[in-house]
Amino acid sequence: MHSNLWVEETFEDFLGLKFKVEKVLFSGKSEFQTVDVVETKGHGKMLLNDGLIMVTERDEFAYHDMITHVPLFVHPEPKNVLVIGGGDGGTAREVLRHVNVEKCTMVEIDAMVVNACREHIPQTSSALDHEKMNLVIGDGVKFVKQTKEKFDVIIVDSTDPIGPAAPLFGEEFYQDVFNCLTDDGIVVSQGESSWYALEIQQSLLKVLNAVFPKCYLYSFSNLTYPGGLWSFTFASKKYHPINDFDRQRVSNSKLEFDYYNAALHSASFALPSFAQKGLKGLIEND
Ligand code: SAM
């Protein structure tokens, strides 16, 4: 008998994305959220937190390339990197491909996400035992308030602004992020959908503008998130994401990518006009 199981991610009350499920690999409920890993028909293994798609094996490379390599190729010498959230491990995996990175600290609030991905999605979790990896199970909000360390790049790889991730979109958190960045530090954050979440983008960018001198938004194509076009914010104490980007470093690194490349790096900051209009005064993208 064929399985007739589908997962459906609904957005508000007017949109649903459905994926055919071959097998449920893990289902649990932590103190923070429900955590599911399923084997889908067309997109490989998929992680869902509270029923929302976090990663699929088919397209995770686009998200993880763009959240990681854009700031790590702008900062001239990123040695100490902090990832907040990112429990699937895909962002840390990409950070650790940069040979100049000496340490990658990842602060994920939910051990169940990390354990489920370690067991069922090695594609993303493969670098979690890397010798340069410092995995902390804890609240990223508390971590940035308390740490005495300084980071060159901070990557906020969070869920949507609900539950424990809500403070990750607030001003107090970004003030603490600013304080634990080096003098030329960069923070990149999961920036939601330009199609469906303009208000969240506006609010996040207002917060970033209150704290950082330079704020930008860049986007990429994500196959499995509602609307397809997804964004990251880029806030910086010093560097411009295009003018201070030396494309030669990408070829010198000898790294190979399936999504990121030097041309796309700069092009990703060119936004569709509707997004530019909606974010007028909040971003420095030309
Ligand atoms: N790529 C994903 C997306 O945008 O849908 C996000 C990936 S990752 C799985 C997001 C992680 O952020 C979740 O595992 C969640 O537990 C974690 N998270 C949420 N709030 C957090 C907090 N306050 N501190 C640390 N991690 C947090």
# chains A, B, ... in the order shown; residues from 1 in each chain; ligands from 1
$ residues_near_ligand --ligand "ligand 1" --cutoff "9 Å" --atoms "only C-alpha atoms and all ligand atoms" --output "ChimeraX atom specification"
/A:32-33,35,47-49,52-55,60,63-64,83-91,106-114,137-143,156-168,190-192,225
$ closest_atom_pairs --of "segment 211-274 of chain A" --to "segment 195-199 of chain A" --cutoff "10 Å" --atoms "only C-alpha atoms" --output "CSV"
residue,atom,partner,partner_atom,distance
A:Pro226,CA,A:Tyr196,CA,7.9
A:Gly227,CA,A:Trp195,CA,6.1
A:Gly228,CA,A:Trp195,CA,8.7
A:Leu229,CA,A:Trp195,CA,7.3
A:Trp230,CA,A:Trp195,CA,8.4
A:Phe274,CA,A:Trp195,CA,8.9
$ residues_around --residues "Ala92 of chain A" --least-positions-apart "3" --cutoff "7 Å" --atoms "only C-alpha atoms" --output "list in words"
Gly89, Val95, Leu96, Cys104 and Ala127 of chain A
$ closest_atom_pairs --of "segment 57-102 of chain A" --to "segment 152-155 of chain A" --cutoff "7 Å" --atoms "only C-alpha atoms" --output "tab-separated table"
residue	atom	partner	partner_atom	distance
A:Pro78	CA	A:Asp152	CA	5.4
A:Lys79	CA	A:Asp152	CA	6.6
A:Asn80	CA	A:Asp152	CA	5.6
A:Val81	CA	A:Val153	CA	5.0
A:Leu82	CA	A:Ile154	CA	4.7
A:Val83	CA	A:Ile155	CA	4.7
A:Ile84	CA	A:Ile155	CA	6.2
$ residues_around --residues "segment 242-244 of chain A" --least-positions-apart "5" --cutoff "10 Å" --atoms "only C-alpha atoms" --output "PDB file with N, CA, C and O atoms, in the first residue's frame"
ATOM      1  N   VAL A  70      28.627  34.969   2.506  1.00  0.00           N
ATOM      2  CA  VAL A  70      28.580  36.418   2.271  1.00  0.00           C
ATOM      3  C   VAL A  70      29.344  37.154   3.382  1.00  0.00           C
ATOM      4  O   VAL A  70      30.315  37.862   3.102  1.00  0.00           O
ATOM      5  N   PHE A  73      33.235  36.155   3.501  1.00  0.00           N
ATOM      6  CA  PHE A  73      34.116  36.662   2.450  1.00  0.00           C
ATOM      7  C   PHE A  73      34.189  38.196   2.459  1.00  0.00           C
ATOM      8  O   PHE A  73      35.010  38.769   1.751  1.00  0.00           O
ATOM      9  N   VAL A  74      33.314  38.859   3.226  1.00  0.00           N
ATOM     10  CA  VAL A  74      33.467  40.315   3.354  1.00  0.00           C
ATOM     11  C   VAL A  74      34.469  40.619   4.465  1.00  0.00           C
ATOM     12  O   VAL A  74      35.382  41.431   4.293  1.00  0.00           O
ATOM     13  N   HIS A  75      34.309  39.972   5.608  1.00  0.00           N
ATOM     14  CA  HIS A  75      35.268  40.191   6.692  1.00  0.00           C
ATOM     15  C   HIS A  75      36.640  39.688   6.234  1.00  0.00           C
ATOM     16  O   HIS A  75      36.762  38.545   5.802  1.00  0.00           O
ATOM     17  N   PRO A  76      37.696  40.525   6.337  1.00  0.00           N
ATOM     18  CA  PRO A  76      38.985  40.109   5.753  1.00  0.00           C
ATOM     19  C   PRO A  76      39.647  38.942   6.485  1.00  0.00           C
ATOM     20  O   PRO A  76      40.426  38.206   5.891  1.00  0.00           O
ATOM     21  N   HIS A 265      27.279  36.998  -5.047  1.00  0.00           N
ATOM     22  CA  HIS A 265      27.510  37.720  -3.792  1.00  0.00           C
ATOM     23  C   HIS A 265      27.016  39.166  -3.945  1.00  0.00           C
ATOM     24  O   HIS A 265      26.186  39.637  -3.169  1.00  0.00           O
ATOM     25  N   SER A 266      27.548  39.845  -4.956  1.00  0.00           N
ATOM     26  CA  SER A 266      27.175  41.251  -5.143  1.00  0.00           C
ATOM     27  C   SER A 266      25.738  41.379  -5.634  1.00  0.00           C
ATOM     28  O   SER A 266      24.981  42.247  -5.173  1.00  0.00           O
ATOM     29  N   ALA A 267      25.351  40.481  -6.544  1.00  0.00           N
ATOM     30  CA  ALA A 267      24.005  40.575  -7.129  1.00  0.00           C
ATOM     31  C   ALA A 267      22.915  40.370  -6.076  1.00  0.00           C
ATOM     32  O   ALA A 267      21.810  40.924  -6.202  1.00  0.00           O
ATOM     33  N   SER A 268      23.198  39.624  -5.026  1.00  0.00           N
ATOM     34  CA  SER A 268      22.146  39.308  -4.045  1.00  0.00           C
ATOM     35  C   SER A 268      21.697  40.552  -3.275  1.00  0.00           C
ATOM     36  O   SER A 268      20.639  40.545  -2.651  1.00  0.00           O
ATOM     37  N   PHE A 269      22.511  41.617  -3.328  1.00  0.00           N
ATOM     38  CA  PHE A 269      22.112  42.857  -2.643  1.00  0.00           C
ATOM     39  C   PHE A 269      21.230  43.741  -3.533  1.00  0.00           C
ATOM     40  O   PHE A 269      20.736  44.768  -3.082  1.00  0.00           O
ATOM     41  N   ASN A 285      21.218  49.464   0.562  1.00  0.00           N
ATOM     42  CA  ASN A 285      21.391  48.880  -0.779  1.00  0.00           C
ATOM     43  C   ASN A 285      21.115  49.958  -1.816  1.00  0.00           C
ATOM     44  O   ASN A 285      20.143  50.706  -1.689  1.00  0.00           O
TER      45      ASN A 285
END
$ residues_around --residues "Arg93 of chain A" --least-positions-apart "4" --cutoff "10 Å" --atoms "only C-alpha atoms" --output "number ranges by chain"
A: 64-65, 68, 88-89, 97-98, 104, 123-130, 133
$ write_last_selection --atoms "N, CA and C atoms" --output "PDB file, in the first residue's frame"
ATOM      1  N   HIS A  64      22.403  27.833   3.479  1.00  0.00           N
ATOM      2  CA  HIS A  64      23.632  27.801   4.282  1.00  0.00           C
ATOM      3  C   HIS A  64      24.803  28.474   3.574  1.00  0.00           C
ATOM      4  N   ASP A  65      24.871  28.357   2.255  1.00  0.00           N
ATOM      5  CA  ASP A  65      25.907  29.100   1.515  1.00  0.00           C
ATOM      6  C   ASP A  65      25.743  30.599   1.738  1.00  0.00           C
ATOM      7  N   THR A  68      26.284  32.159   5.259  1.00  0.00           N
ATOM      8  CA  THR A  68      27.650  32.016   5.774  1.00  0.00           C
ATOM      9  C   THR A  68      28.692  32.731   4.913  1.00  0.00           C
ATOM     10  N   ASP A  88      20.506  22.440  13.074  1.00  0.00           N
ATOM     11  CA  ASP A  88      20.719  21.383  12.072  1.00  0.00           C
ATOM     12  C   ASP A  88      22.194  21.236  11.719  1.00  0.00           C
ATOM     13  N   GLY A  89      22.997  22.268  11.982  1.00  0.00           N
ATOM     14  CA  GLY A  89      24.452  22.173  11.774  1.00  0.00           C
ATOM     15  C   GLY A  89      24.931  22.676  10.423  1.00  0.00           C
ATOM     16  N   ARG A  97      34.442  25.436   6.779  1.00  0.00           N
ATOM     17  CA  ARG A  97      35.181  25.226   5.523  1.00  0.00           C
ATOM     18  C   ARG A  97      36.193  26.356   5.305  1.00  0.00           C
ATOM     19  N   HIS A  98      36.032  27.456   6.018  1.00  0.00           N
ATOM     20  CA  HIS A  98      36.976  28.582   5.871  1.00  0.00           C
ATOM     21  C   HIS A  98      38.201  28.303   6.742  1.00  0.00           C
ATOM     22  N   CYS A 104      34.483  28.024  15.927  1.00  0.00           N
ATOM     23  CA  CYS A 104      33.072  28.293  15.613  1.00  0.00           C
ATOM     24  C   CYS A 104      32.246  27.858  16.819  1.00  0.00           C
ATOM     25  N   GLN A 123      23.880  15.021   6.531  1.00  0.00           N
ATOM     26  CA  GLN A 123      24.257  15.999   5.491  1.00  0.00           C
ATOM     27  C   GLN A 123      24.483  17.392   6.102  1.00  0.00           C
ATOM     28  N   THR A 124      23.638  17.781   7.052  1.00  0.00           N
ATOM     29  CA  THR A 124      23.839  19.106   7.672  1.00  0.00           C
ATOM     30  C   THR A 124      24.663  19.026   8.953  1.00  0.00           C
ATOM     31  N   SER A 125      24.535  17.928   9.682  1.00  0.00           N
ATOM     32  CA  SER A 125      25.144  17.882  11.029  1.00  0.00           C
ATOM     33  C   SER A 125      26.576  17.347  11.022  1.00  0.00           C
ATOM     34  N   SER A 126      27.126  17.086   9.836  1.00  0.00           N
ATOM     35  CA  SER A 126      28.402  16.368   9.734  1.00  0.00           C
ATOM     36  C   SER A 126      29.586  17.060  10.407  1.00  0.00           C
ATOM     37  N   ALA A 127      29.529  18.400  10.564  1.00  0.00           N
ATOM     38  CA  ALA A 127      30.708  19.085  11.117  1.00  0.00           C
ATOM     39  C   ALA A 127      30.568  19.384  12.612  1.00  0.00           C
ATOM     40  N   LEU A 128      29.506  18.899  13.243  1.00  0.00           N
ATOM     41  CA  LEU A 128      29.284  19.285  14.648  1.00  0.00           C
ATOM     42  C   LEU A 128      30.360  18.743  15.591  1.00  0.00           C
ATOM     43  N   ASP A 129      31.087  17.723  15.153  1.00  0.00           N
ATOM     44  CA  ASP A 129      32.169  17.191  15.991  1.00  0.00           C
ATOM     45  C   ASP A 129      33.547  17.667  15.530  1.00  0.00           C
ATOM     46  N   HIS A 130      33.578  18.648  14.655  1.00  0.00           N
ATOM     47  CA  HIS A 130      34.844  19.219  14.159  1.00  0.00           C
ATOM     48  C   HIS A 130      35.662  19.751  15.344  1.00  0.00           C
ATOM     49  N   MET A 133      34.979  23.208  16.637  1.00  0.00           N
ATOM     50  CA  MET A 133      33.569  23.471  16.971  1.00  0.00           C
ATOM     51  C   MET A 133      33.382  23.542  18.484  1.00  0.00           C
TER      52      MET A 133
END
$ closest_residue --among "A:Leu208, A:Gln175, A:Ser221, A:Lys237" --to "Leu282 of chain A" --atoms "only C-alpha atoms"
A:Leu208
$ atom_distance --atom1 "atom CA of Tyr259 of chain A" --atom2 "atom CA of Leu17 of chain A"
22.9 Å
$ select_by_dssp --residues "segment 66-255 of chain A" --states "strand (DSSP E)" --output "CSV table (one decimal) with C-alpha atoms, in the first residue's frame"
chain,number,residue,atom,x,y,z
A,80,ASN,CA,36.1,33.7,15.7
A,81,VAL,CA,32.6,33.0,14.5
A,82,LEU,CA,29.4,32.7,16.6
A,83,VAL,CA,26.2,31.0,15.2
A,84,ILE,CA,23.0,31.5,17.2
A,85,GLY,CA,20.4,28.8,16.5
A,103,LYS,CA,36.8,28.6,16.3
A,104,CYS,CA,33.1,28.3,15.6
A,105,THR,CA,30.8,28.5,18.6
A,106,MET,CA,27.1,27.5,18.0
A,107,VAL,CA,24.5,28.3,20.6
A,108,GLU,CA,21.3,26.3,20.0
A,133,MET,CA,33.6,23.5,17.0
A,134,ASN,CA,32.3,24.7,20.3
A,135,LEU,CA,28.7,23.5,20.7
A,136,VAL,CA,26.7,25.2,23.5
A,137,ILE,CA,23.2,24.1,24.3
A,151,PHE,CA,33.5,37.6,17.6
A,152,ASP,CA,34.4,38.7,14.1
A,153,VAL,CA,31.2,37.4,12.6
A,154,ILE,CA,27.9,36.5,14.2
A,155,ILE,CA,25.3,34.5,12.3
A,156,VAL,CA,21.7,34.5,13.6
A,157,ASP,CA,20.3,31.3,12.1
A,181,LEU,CA,31.5,41.9,18.0
A,182,THR,CA,35.0,43.1,17.3
A,183,ASP,CA,35.5,46.7,16.1
A,184,ASP,CA,35.0,45.6,12.5
A,185,GLY,CA,32.4,42.9,13.2
A,186,ILE,CA,29.5,41.8,11.0
A,187,VAL,CA,26.1,40.2,12.0
A,188,VAL,CA,24.0,38.4,9.4
A,189,SER,CA,20.5,37.3,10.4
A,190,GLN,CA,17.7,35.2,9.0
A,191,GLY,CA,15.6,38.0,7.4
A,192,GLU,CA,12.3,36.3,6.4
A,193,SER,CA,10.3,36.7,3.2
A,214,LYS,CA,25.5,50.1,8.2
A,215,CYS,CA,22.4,47.9,7.4
A,216,TYR,CA,21.6,46.0,4.2
A,217,LEU,CA,19.3,43.2,3.0
A,218,TYR,CA,20.2,40.5,0.5
A,219,SER,CA,18.2,37.7,-0.9
A,220,PHE,CA,18.3,34.3,-2.4
A,221,SER,CA,16.0,31.7,-3.9
A,229,LEU,CA,12.5,34.5,-2.4
A,230,TRP,CA,14.1,34.7,1.1
A,231,SER,CA,16.3,37.2,2.8
A,232,PHE,CA,19.2,37.8,5.2
A,233,THR,CA,20.0,41.1,6.9
A,234,PHE,CA,23.6,42.2,6.9
A,235,ALA,CA,24.6,44.7,9.6
A,236,SER,CA,28.1,45.9,10.0
$ atom_distance --atom1 "atom CA of Ile67 of chain A" --atom2 "atom CA of Tyr260 of chain A"
9.9 Å
$ select_by_dssp --residues "segment 14-217 of chain A" --states "helix (DSSP H, G or I)" --output "mmCIF file with C-alpha atoms, in the first residue's frame"
data_model
loop_
_atom_site.group_PDB
_atom_site.id
_atom_site.type_symbol
_atom_site.label_atom_id
_atom_site.label_comp_id
_atom_site.auth_asym_id
_atom_site.auth_seq_id
_atom_site.Cartn_x
_atom_site.Cartn_y
_atom_site.Cartn_z
ATOM 1 C CA GLU A 60 19.686 23.525 2.303
ATOM 2 C CA PHE A 61 22.886 24.436 0.470
ATOM 3 C CA ALA A 62 21.346 27.658 -0.862
ATOM 4 C CA TYR A 63 20.396 28.920 2.605
ATOM 5 C CA HIS A 64 23.632 27.801 4.282
ATOM 6 C CA ASP A 65 25.907 29.100 1.515
ATOM 7 C CA MET A 66 24.305 32.522 1.573
ATOM 8 C CA ILE A 67 23.987 32.994 5.330
ATOM 9 C CA THR A 68 27.650 32.016 5.774
ATOM 10 C CA HIS A 69 29.852 32.877 2.818
ATOM 11 C CA VAL A 70 28.580 36.418 2.271
ATOM 12 C CA PRO A 71 29.802 37.709 5.684
ATOM 13 C CA LEU A 72 32.841 35.405 5.798
ATOM 14 C CA PHE A 73 34.116 36.662 2.450
ATOM 15 C CA VAL A 74 33.467 40.315 3.354
ATOM 16 C CA GLY A 90 24.432 23.376 8.153
ATOM 17 C CA THR A 91 25.670 26.896 8.924
ATOM 18 C CA ALA A 92 28.482 25.645 11.194
ATOM 19 C CA ARG A 93 29.463 23.156 8.476
ATOM 20 C CA GLU A 94 29.941 26.015 5.996
ATOM 21 C CA VAL A 95 31.734 28.269 8.541
ATOM 22 C CA ALA A 111 19.187 19.793 22.249
ATOM 23 C CA MET A 112 16.412 17.777 20.598
ATOM 24 C CA VAL A 113 17.001 19.576 17.261
ATOM 25 C CA VAL A 114 20.733 18.870 17.404
ATOM 26 C CA ASN A 115 20.276 15.228 18.415
ATOM 27 C CA ALA A 116 17.585 14.542 15.794
ATOM 28 C CA CYS A 117 19.803 16.035 13.075
ATOM 29 C CA ARG A 118 22.896 14.209 14.281
ATOM 30 C CA GLU A 119 20.993 10.948 13.996
ATOM 31 C CA HIS A 120 18.925 11.518 10.861
ATOM 32 C CA PRO A 122 24.209 13.851 8.637
ATOM 33 C CA GLN A 123 24.257 15.999 5.491
ATOM 34 C CA THR A 124 23.839 19.106 7.672
ATOM 35 C CA SER A 125 25.144 17.882 11.029
ATOM 36 C CA GLY A 140 21.507 32.709 22.438
ATOM 37 C CA VAL A 141 19.908 35.772 24.046
ATOM 38 C CA LYS A 142 21.561 35.001 27.406
ATOM 39 C CA PHE A 143 24.817 33.942 25.729
ATOM 40 C CA VAL A 144 25.437 37.282 24.010
ATOM 41 C CA LYS A 145 24.575 39.153 27.217
ATOM 42 C CA GLN A 146 27.052 37.167 29.312
ATOM 43 C CA GLY A 163 8.562 31.504 21.121
ATOM 44 C CA PRO A 164 12.246 31.466 22.164
ATOM 45 C CA ALA A 165 13.274 33.122 18.869
ATOM 46 C CA ALA A 166 11.130 36.261 19.438
ATOM 47 C CA PRO A 167 13.868 38.138 21.411
ATOM 48 C CA LEU A 168 16.325 37.369 18.584
ATOM 49 C CA PHE A 169 14.480 40.045 16.593
ATOM 50 C CA GLU A 171 16.854 45.724 20.103
ATOM 51 C CA GLU A 172 18.267 44.520 23.426
ATOM 52 C CA PHE A 173 19.584 41.379 21.743
ATOM 53 C CA TYR A 174 21.230 43.353 18.936
ATOM 54 C CA GLN A 175 22.788 45.787 21.409
ATOM 55 C CA ASP A 176 24.391 42.762 23.088
ATOM 56 C CA VAL A 177 25.424 41.388 19.678
ATOM 57 C CA PHE A 178 27.052 44.749 18.886
ATOM 58 C CA ASN A 179 28.951 44.638 22.182
ATOM 59 C CA LEU A 198 7.592 42.873 4.976
ATOM 60 C CA GLU A 199 6.488 44.022 8.437
ATOM 61 C CA ILE A 200 8.945 41.666 10.158
ATOM 62 C CA GLN A 201 11.709 42.845 7.820
ATOM 63 C CA GLN A 202 10.866 46.493 8.555
ATOM 64 C CA SER A 203 10.839 45.895 12.282
ATOM 65 C CA LEU A 204 14.129 43.919 12.246
ATOM 66 C CA LEU A 205 15.828 46.571 10.122
ATOM 67 C CA LYS A 206 14.583 49.372 12.413
ATOM 68 C CA VAL A 207 16.182 47.523 15.320
ATOM 69 C CA LEU A 208 19.434 46.982 13.392
ATOM 70 C CA ASN A 209 19.547 50.630 12.297
ATOM 71 C CA ALA A 210 19.208 51.738 15.920
ATOM 72 C CA VAL A 211 22.378 49.811 16.772
#
$ closest_residue --among "A:Lys280, A:Lys20, A:Lys132, A:Lys254" --to "Glu8 of chain A" --atoms "only C-alpha atoms"
A:Lys20
$ atom_distance --atom1 "atom CA of Asp258 of chain A" --atom2 "atom CA of His240 of chain A"
24.5 Å
